[in-house]
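Taking it in order: structure first as structure tokens, then the write-up.
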There are 2 protein chains.
Amino acid sequence: MTDNPQVSDKMQQLLDLAAEIDDLGHIQALMGWDQQVYMPPNGAEERGLQSAALGKIVHEKFTSDEVGQLIADLEEEVGDLNAETDEARSVKVAKRAYEKQTKVPLPMLMERIKATTMAHEAWVEAKTKSDFSIFQPHLEKIVDLTKQYADLFKPYDHVYDPLLDNFEPGMKTADVKKIFEELRPQQVTLLQAIAEKEAPDNSFLKQYYPEADQERFGRYVISQFGYDFKRGRLDVTAHPFTTSFGQGDVRITTRYLKDDAGSALFSTMHEAGHAMYEQGVPPKYRRHPLSGAASLAIHESQSRLWENLVGRSKEFWTFFYPSLQMLVPQYLGDVSLETFYRGINRVEPSMIRVEADEATYNMHIMLRLEIEIGLMEGTVEVKDLPEIWNTNMREYLGITPPNDAQGVLQDVHWSSGLIGYFPTYALGNLASVQLWDKLLEENPNVPDEIAKGNFETVLGWMRENVHQYGVKFEPQEIMLKATGSKITPEPYMAYLQKKYGEIYDL
Amino acid sequence: MTDNPQVSDKMQQLLDLAAEIDDLGHIQALMGWDQQVYMPPNGAEERGLQSAALGKIVHEKFTSDEVGQLIADLEEEVGDLNAETDEARSVKVAKRAYEKQTKVPLPMLMERIKATTMAHEAWVEAKTKSDFSIFQPHLEKIVDLTKQYADLFKPYDHVYDPLLDNFEPGMKTADVKKIFEELRPQQVTLLQAIAEKEAPDNSFLKQYYPEADQERFGRYVISQFGYDFKRGRLDVTAHPFTTSFGQGDVRITTRYLKDDAGSALFSTMHEAGHAMYEQGVPPKYRRHPLSGAASLAIHESQSRLWENLVGRSKEFWTFFYPSLQMLVPQYLGDVSLETFYRGINRVEPSMIRVEADEATYNMHIMLRLEIEIGLMEGTVEVKDLPEIWNTNMREYLGITPPNDAQGVLQDVHWSSGLIGYFPTYALGNLASVQLWDKLLEENPNVPDEIAKGNFETVLGWMRENVHQYGVKFEPQEIMLKATGSKITPEPYMAYLQKKYGEIYDL
């Protein structure tokens, strides 16, 4: 709330409001983090009430008529909201958020919160019992409410557009469909070719490495990447995630599995990628309308880049493998670098996205996107989902879930009402390779640097071409600026074909 | 916010307001806990801004004219605010808080926050350099502001009354002075008698017990006490404390020292005593005007009771000593129970209250109370504090601090503007023995039960006679109800004389 003589009174009001909303949002993030990391079981009920109390305050602060008037006045003051100034874009971002939030009538919002709370409980029970019928009426309710929500944003090109736009500003369903239609046959062809080859051994990873060693190695790696522990920390949760309480405090979590040492290692790199993005937004955007990240796909481009393009590369392991061997000689002492590299890149259709390798990952997303679009268009009915799910799993990945718990009930998103979210995972993969290709084109020495444990060029380039913008630009604007192209599937397919062509001798 | 048909509309408004204030207060507590336990160093600046943002909202919510009118209306509706109904006392408590908070002009509040923030930084530097002159102007400012604050509450019997009342509702400076004047000569006499005797050996405690063993034993003991880990957790901080995020989440912290195994053990019991009080407030007071604890002295009566009257008793160690010996045979294998018991009760004048034994503890409080009263009365000047401190230490405890860092600069309270707080530590000691005596009078079997590791009667009695009231009654009302007497020094002195008479053969 430092007054800047260069901005108008109204703009200063917006900056002050954004600072307060930012503060309160980061407090909400802390409450969520603590709930997942350290809260004792009986703390949940009051935490829920506290979270609702703060949420109500934030909602009221931001949706008042005064705020609407302020934004309208500023729009007039600023003129073209697409001008590439911080002022114009701040007003654009605020206007977008204000319109989204005020469009939803409070009763509908309350009904949605109630429905998802109940749906979440039902989903937990349904998954435990592997009984979709328990979840079905709740998901039907959510789909119904989601359609009502989308209709608030008429006219639209596609009923799925308003949902997608919540996670990926400016992206249209038609864009995503086109990308996926291009991608799918090529991915299927690649997977078929791989399936005919012998899979590399990865049994050395499917072991319980001592947790302290896993943690030590993970911390070492992400410190080398540039994750700043003075502005963050690493904890353990059931499901890894990244959260931010401000530019000075961006935390990540991971989990250590008893039967798979790769899980924590790659998830730690993944979350560090997310966190370095948040840590890399410039100080001028602290407590500012433009603070934060451009979209989920851009976020995922960063996490997947560090996890896969860096973390599953030969160059990375050229440098780091000796350290890992030193830590766990009992598992890796007589495993060669080449064997290790091929093992961590083994392609293996799996039941769930979070465990998928690079080659099968997008298939999980496409499967779910088609179902979501069908549900919203009304061409797919909730009651048919278990069968559709299993049919598509066979078609896309050649495997059939043994039960609905591992199939259609596998994860939490739908029970939370998160429809429109999934495509961003795949878009993030595509964007990560586009950014990577451009980085290498401009800095051909990067592979050599990585092989020496030096990540400064990589992180510096991401800071310069992605992180520095905060939410100033929409995701496709960032991609255009950084790579000269919007998100497109070709580079990703070329990357997969080259990488797996070598590993599988295709 | 469940509507209760038995309460009036206005009372329901108060209950709703209290629930919201309670929610937001618990969120503030979470932010404070995280800051001390897990926050990375660079998170501090934004955390401070977030905390201020939320504090402002809480302040505005509670000090509005509407709230004042609501309380006035309710006062009329309820009639006698001292009636022993929840309604009357809820209004009384709300009125008290409202009047305190609205009496302070916002500029004065802001100036105080600024002054204490700067004073804290100066104190850290002054303590590091052991140079009081760095802290002196800041403390002068705080004393000045504190006098201005007290004057807002004129007329008062004594300028220290409004300060004391913030921590100990209803307690007067005259009461405290009278208690301490009775106490001091008797404590001095006792200490002189002890000083002539040989001190028991406690070298077996002044060791580094493996941290995992210290923690395991501490958790075991407080679980047996009745601290509910499903509604709490134990973490490590530089300074042990208890904090509550609601009845379902009351957390404690401790610290493990390298040269003193007793520190963590007794501080864990101490904080568990605080926490069991918070956990023991009945569910009907959850998110209610009467939620929480009656006062700091009543709080301290609970913590000191579990730490000392239970935790330093022969009966307690009759049951627990074998377990501790089993954990650390390298230190305790050939130390007898009798030797151990005498060792943990060794009287030894120390530089600082937090390390003091039961016999010297109150001397630290008296020393500081006299200085605080003198500062407020204007008979003591800040610049003379180092000399006064050292003189009084010699007089009361027979030792001279080697430097100001260990003397007048030893702890944080004054830099935070906490004047009026210290007497509650001593009052808590006195109250703990009064409660204990009454408990034993009604339940003579308690020592036998403790010797069997059974604490149900102790905790049940505290639940019934202290915890169940929340903040419904003022501390002296609670003491009267529970023991038939206000806080008084005789039982405490009798306890000390009997205990140390036996240990030191006086």
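Scheme for the structure tokens: letters A, B, ... for chains in order shown; per-chain residue numbers from 1; ligand numbers from 1 in order shown.
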
As a PDB file with C-alpha atoms, in the first residue's frame, please: the residues near Leu435 of chain B (cut-off 7 Å, only C-alpha atoms, same-chain neighbours under 4 positions excluded).
ATOM      1  CA  ALA B 431      -3.860 -20.884  42.395  1.00  0.00           C
ATOM      2  CA  LEU B 439      -8.759 -31.724  44.922  1.00  0.00           C
ATOM      3  CA  THR B 483     -11.819 -23.644  46.579  1.00  0.00           C
TER       4      THR B 483
END

Got a sec: who's within 12 Å of Asp175 of chain B, counting only C-alpha atoms, leaving out chain neighbours fewer than 6 positions off, as a tab-separated table (two decimals) with C-alpha atoms, in the first residue's frame?
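Done, and the output landed in result_39.tsv:
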chain	number	residue	atom	x	y	z
B	157	ASP	CA	-7.31	3.07	41.72
B	158	HIS	CA	-3.81	2.53	40.40
B	160	TYR	CA	-1.16	-0.37	36.76
B	161	ASP	CA	-4.75	-1.61	37.14
B	164	LEU	CA	-3.23	-6.00	34.84
B	165	ASP	CA	-6.91	-6.19	33.98
B	168	GLU	CA	-6.36	-10.94	34.76
B	181	GLU	CA	4.10	-8.60	50.31
B	182	GLU	CA	2.95	-11.59	52.29
B	423	PRO	CA	2.18	-11.15	37.94
B	427	LEU	CA	-0.68	-15.90	40.72
B	476	GLN	CA	-11.52	-14.92	41.32
B	486	LYS	CA	-9.79	-16.05	46.23
B	487	ILE	CA	-6.14	-16.37	45.25
B	488	THR	CA	-4.07	-16.37	48.42
B	489	PRO	CA	-0.43	-17.17	49.20

(request) Pull out every residue of chain B sitting within 7 Å of chain A, counting only C-alpha atoms, and send them as a list in words. (result)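 My answer is Glu20, Asp23, Leu24, Pro40, Pro41, Asn42, Gly43, Glu46, Gln50, Ala53, Lys230, Arg231, Gly232, Arg233, Gly246, Gly248 and Asp249 of chain B.
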
(request) Write out as JSON, numbers by chain all residues of segment 285-396 of chain B that backbone DSSP assigns to helix (DSSP H, G or I). (result) {"B": [285, 296, 297, 298, 299, 300, 301, 302, 303, 304, 305, 306, 307, 308, 309, 310, 314, 315, 316, 317, 318, 319, 320, 321, 322, 323, 324, 325, 326, 327, 329, 330, 331, 332, 337, 338, 339, 340, 341, 342, 343, 344, 353, 354, 355, 361, 362, 363, 364, 365, 366, 367, 368, 369, 370, 371, 372, 373, 374, 375, 376, 377, 382, 383, 384, 385, 386, 387, 388, 389, 390, 391, 392, 393, 394, 395, 396]}

(request) Write out as number ranges by chain each polymer residue whose atoms come within 12 Å of Trp389 of chain A, counting only C-alpha atoms; drop sequence neighbours fewer than 6 positions from it. (result) A: 132, 351-352, 364-372, 380-383, 395-397, 399-410

Suppose we keep C-alpha atoms; can you now write the selection as a PDB file, in the first residue's frame?
ATOM      1  CA  PHE A 132     -20.161 -46.164  -8.517  1.00  0.00           C
ATOM      2  CA  MET A 351      -4.568 -47.106 -14.459  1.00  0.00           C
ATOM      3  CA  ILE A 352      -4.092 -43.502 -13.433  1.00  0.00           C
ATOM      4  CA  HIS A 364      -5.519 -40.317 -19.669  1.00  0.00           C
ATOM      5  CA  ILE A 365      -6.351 -36.693 -20.294  1.00  0.00           C
ATOM      6  CA  MET A 366      -8.007 -37.264 -23.640  1.00  0.00           C
ATOM      7  CA  LEU A 367     -10.156 -40.014 -22.220  1.00  0.00           C
ATOM      8  CA  ARG A 368     -11.415 -37.745 -19.520  1.00  0.00           C
ATOM      9  CA  LEU A 369     -11.836 -34.689 -21.728  1.00  0.00           C
ATOM     10  CA  GLU A 370     -14.109 -36.602 -24.088  1.00  0.00           C
ATOM     11  CA  ILE A 371     -16.246 -37.729 -21.173  1.00  0.00           C
ATOM     12  CA  GLU A 372     -16.439 -34.220 -19.733  1.00  0.00           C
ATOM     13  CA  VAL A 380     -23.020 -38.879 -22.266  1.00  0.00           C
ATOM     14  CA  GLU A 381     -24.995 -39.821 -19.173  1.00  0.00           C
ATOM     15  CA  VAL A 382     -23.487 -40.173 -15.739  1.00  0.00           C
ATOM     16  CA  LYS A 383     -24.950 -43.639 -15.251  1.00  0.00           C
ATOM     17  CA  GLU A 395      -9.062 -48.566 -26.608  1.00  0.00           C
ATOM     18  CA  TYR A 396      -6.512 -45.919 -25.596  1.00  0.00           C
ATOM     19  CA  LEU A 397      -4.210 -47.829 -23.281  1.00  0.00           C
ATOM     20  CA  ILE A 399      -5.805 -52.182 -20.223  1.00  0.00           C
ATOM     21  CA  THR A 400      -9.026 -52.647 -18.281  1.00  0.00           C
ATOM     22  CA  PRO A 401      -9.432 -51.358 -14.711  1.00  0.00           C
ATOM     23  CA  PRO A 402     -10.049 -54.298 -12.360  1.00  0.00           C
ATOM     24  CA  ASN A 403     -12.768 -52.280 -10.622  1.00  0.00           C
ATOM     25  CA  ASP A 404     -14.393 -48.848 -10.621  1.00  0.00           C
ATOM     26  CA  ALA A 405     -12.249 -47.675  -7.698  1.00  0.00           C
ATOM     27  CA  GLN A 406      -9.246 -47.855 -10.020  1.00  0.00           C
ATOM     28  CA  GLY A 407     -11.337 -46.786 -12.986  1.00  0.00           C
ATOM     29  CA  VAL A 408     -13.944 -44.063 -13.123  1.00  0.00           C
ATOM     30  CA  LEU A 409     -13.732 -43.358  -9.381  1.00  0.00           C
ATOM     31  CA  GLN A 410      -9.957 -43.027  -9.362  1.00  0.00           C
TER      32      GLN A 410
END

Residues within 12 Å of Ile113 of chain A, please, as a PDB file with C-alpha atoms, in the first residue's frame. Count only C-alpha atoms; anything in the same chain fewer than 3 positions from it doesn't count.
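Once written, result.pdb looks like this:
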ATOM      1  CA  GLY A  48     -14.052 -25.808   7.580  1.00  0.00           C
ATOM      2  CA  ALA A  52     -16.017 -20.471   5.120  1.00  0.00           C
ATOM      3  CA  GLY A  55     -14.173 -17.011   2.173  1.00  0.00           C
ATOM      4  CA  LEU A 106     -25.190 -16.431  -4.196  1.00  0.00           C
ATOM      5  CA  PRO A 107     -27.812 -19.208  -3.818  1.00  0.00           C
ATOM      6  CA  MET A 108     -26.256 -21.092  -6.725  1.00  0.00           C
ATOM      7  CA  LEU A 109     -22.817 -20.679  -5.191  1.00  0.00           C
ATOM      8  CA  MET A 110     -24.077 -21.992  -1.856  1.00  0.00           C
ATOM      9  CA  THR A 116     -19.587 -30.734  -3.669  1.00  0.00           C
ATOM     10  CA  THR A 117     -19.157 -31.207   0.073  1.00  0.00           C
ATOM     11  CA  MET A 118     -21.677 -34.040   0.017  1.00  0.00           C
ATOM     12  CA  ALA A 119     -20.315 -35.407  -3.250  1.00  0.00           C
ATOM     13  CA  HIS A 120     -16.838 -35.568  -1.793  1.00  0.00           C
ATOM     14  CA  LYS A 141     -26.211 -33.134  -9.389  1.00  0.00           C
ATOM     15  CA  ILE A 142     -22.766 -31.630 -10.013  1.00  0.00           C
ATOM     16  CA  LEU A 145     -25.174 -27.445 -11.503  1.00  0.00           C
ATOM     17  CA  THR A 146     -22.182 -27.125 -13.805  1.00  0.00           C
ATOM     18  CA  SER A 415     -16.350 -34.776  -6.685  1.00  0.00           C
ATOM     19  CA  SER A 416     -14.966 -31.270  -6.128  1.00  0.00           C
ATOM     20  CA  GLY A 417     -16.831 -29.998  -9.169  1.00  0.00           C
TER      21      GLY A 417
END

(message) Please report the interatomic distance between atom CA of Phe217 of chain B and atom CA of Met462 of chain B in Å with one decimal.
(response)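 Pair atom CA of Phe217 of chain B / atom CA of Met462 of chain B returns 23.8 Å.
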
(request) Choose the residue, out of A:Ser90, A:Asp448, A:Ala18, A:Glu355, that has the smallest atom-to-atom separation from Val58 of chain A; count only C-alpha atoms. (result)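 Looking only at the distances to Val58 of chain A, the closest residue turns out to be A:Ala18.
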
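Using only C-alpha atoms, the residues found no farther than 9 Å from segment 187-191 of chain B, other than those of its own chain fewer than 4 positions away, are Leu183, Ala195, Glu196, Val347, Ala359, Thr360, Asn362, Met363, Tyr396, Leu397, Met493, Leu496, Gln497 and Tyr500 of chain B.
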
(message) What does the structure give for the distance between atom CA of Ser203 of chain B and atom CA of Ala494 of chain B, in Å to one decimal?
(response)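 Atom CA of Ser203 of chain B sits 28.5 Å away from atom CA of Ala494 of chain B.
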
(request) Give me the residues within 9 Å of Tyr361 of chain A as a list in words, counting only C-alpha atoms and dropping any in the same chain fewer than 4 places off. (result)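 Close residues of Tyr361 of chain A: Pro349, Ile352, Arg353, Val354, Glu355, Ala356, Asp357, Ile365, Tyr425 and Ala426 of chain A.
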
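For Asn202 of chain A, the residues within 9 Å (counting only C-alpha atoms, excluding itself and residues fewer than 6 positions away along the chain) are Thr339, Phe340, Arg342, Gly343, Ile344, Asn345 and Arg346 of chain A.
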